[in-house]
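Peer 1: Quick one: this structure, given as C-alpha cells, is what I'll be asking you about.
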Amino acid sequence: MTIFSTMNKLLKSPDASIENGRLRSAQSFEFLAGAILCYAAYAAAAGTFQAGGASIALAILKIPMIIIASVALCVPSFYVFTAVAGADHSARDMATLLSAFCGIAGLLLLGLMPVTWVFSISSRSLAFVVWMHIVVWLIAIVAARHYLVRLTGSRFGLAIGCWITIVFLVSLQMTTSLRPVLWRAPNQPLFTRAKMSFFEHIGEVWTWHESKATAQVVKGAPR
C-alpha cells in the first residue's frame with residue numbers, strides 16, 4: 001500500500017487503525033512519512049509570502065522540523081497524561097497513535113493550504129500571516145485531537161486536551177527557536193541564536209510591521 005492510499009484511508013476510515021481491539025502499528029512509518037509530505041506542501045504555500053524560491057525552501061526546511069520536533073518533545077507528557085487517566089499504552093501503541101495524529105494534522109493543513117496560499121501571496125502584513133498560521137495550526141491540532149479521543153476513548157478526552165495545549169505552546173516556542181521561518185532578511189543567519197520567548201517573538205513581529213511602511217515590506221526590508 002502506498003503512502004498516498006494509506007493517508008487517504010486514514011482520512012476516510014480512521015477506525016481502520018484498530019484491529020481486534022488493538023492499534024495497528026504496521027502503518028506508523030507511512031503515517032509519519034505522509035505527514036511530513038503534507039507539512040512540506042503546506043510550507044511551500046506559506047513560503048510564498050516572501051517572494052523567491054529561497055523563502056519557499058526555508059519554509060519547507062523548517063515547518064516540518066518545527067512540527068515533528070514539537071510532537072517528539074511532547075511524547076513523555078502524552079504518556080504521563082494518558083497513564084494518569086488510566087491508559088496502558090505500549091511503546092508501539094504510542095508510536096501508532098502519535099504518527100497517526102501527525103498524519104491527521106498534516107491532512108488538515110493540506111486541506112487548508114489553498115487558503116493560506118492566497119493570503120500569503122496577496123498580503124503585505126507579516127503580523128497578519130503569522131497570526132493566520134497560528135490559527136490554522138490550532139484548528140488542525142484541535143481537530144486531530146478528536147481522532148485521538150476516538151481511538152483511545154472519551155474518558156481520555158481531558159488528558160488529550162491538556163496534551164494538545166502543551167503541543168501548541170511548544171510549537172510556538174519551537175518556531176521562535178528556529179526563526180526565521182516566513183521572512184529572512186539579506187545576510188541573516190539561517191538560524192538565530194538569541195534567546196527569546198514566543199511572546200517576545202510575536203511582539204517583535206508586530207513592532208516590526210508597525211514601524212515599516214508598506215512599500216518597504218514589499219521591497220524586502222529586514223526585520
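Lettering and numbering for the C-alpha cells are positional, with chains as A, B, ... in the shown order, residues counted from 1 in each chain, and ligands counted from 1 in the shown order.
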Got a sec to tell me which of stretch 19-210 of chain A DSSP assigns to alpha helix (DSSP H), as a PyMOL selection string?
Peer 2: chain A and resi 28-46+53-73+75-84+91-122+126-152+157-177+198-210
Peer 1: From a DSSP calculation on the backbone, collect every residue of stretch 9-204 of chain A in strand (DSSP E) and output the set as a list in words.
Peer 2: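 Across stretch 9-204 of chain A, those assigned strand (DSSP E) are Ile18, Glu19, Arg22 and Leu23 of chain A.
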Peer 1: My list of candidates is A:Val80, A:Tyr39, A:Gly53, A:Leu97. Which is closest to A:Leu112 when distances are computed with only C-alpha atoms?
Peer 2: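 Closest to A:Leu112 of all the choices is A:Tyr39.
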Peer 1: Tell me which protein, DNA and RNA residues are within 10 Å of stretch 190-201 of chain A, counting only C-alpha atoms, leaving out same-chain ones fewer than 5 positions away, and put them as a PyMOL selection string.
Peer 2: chain A and resi 58+62+169-181+184-185+206-207
Peer 1: Just the residues within 9 Å of A:Gly106, please, counting only C-alpha atoms, with nothing from its chain fewer than 6 positions along; format it as an mmCIF file with C-alpha atoms, in the first residue's frame.
Peer 2:
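To be explicit, this is the file written out as result.cif:
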```cif
data_model
loop_
_atom_site.group_PDB
_atom_site.id
_atom_site.type_symbol
_atom_site.label_atom_id
_atom_site.label_comp_id
_atom_site.auth_asym_id
_atom_site.auth_seq_id
_atom_site.Cartn_x
_atom_site.Cartn_y
_atom_site.Cartn_z
ATOM 1 C CA GLY A 34 2.728 11.149 4.733
ATOM 2 C CA ALA A 35 2.521 13.769 7.464
ATOM 3 C CA ILE A 36 5.933 15.177 6.528
ATOM 4 C CA LEU A 37 4.881 15.400 2.870
ATOM 5 C CA CYS A 38 1.737 17.278 3.892
ATOM 6 C CA TYR A 39 3.744 19.648 6.098
ATOM 7 C CA TYR A 42 1.776 23.488 3.391
ATOM 8 C CA ALA A 140 -5.531 21.438 12.757
#
```
Peer 1: To one decimal in Å, tell me the separation between atom CA of A:Ile68 and atom CA of A:Gly161.
Peer 2: 18.6 Å
Peer 1: When you look at stretch 129-131 of chain A with a cut-off of 9 Å (counting only C-alpha atoms), what residues show up, excluding the ones that are within fewer than 6 positions of it in the same chain? I need them as a list in words.
Peer 2: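 Counting only C-alpha atoms, the residues come to Ala46, Phe49, Thr116, Phe119, Ser120, Ser123, Leu182, Ile202 and Val205 of chain A.
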Peer 1: Using only C-alpha atoms for the distances, tell me which of A:Ile164, A:Val115, A:Leu73, A:Leu158 is nearest to A:His133.
Peer 2: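 Using only C-alpha atoms, A:His133 sits closest to A:Val115.
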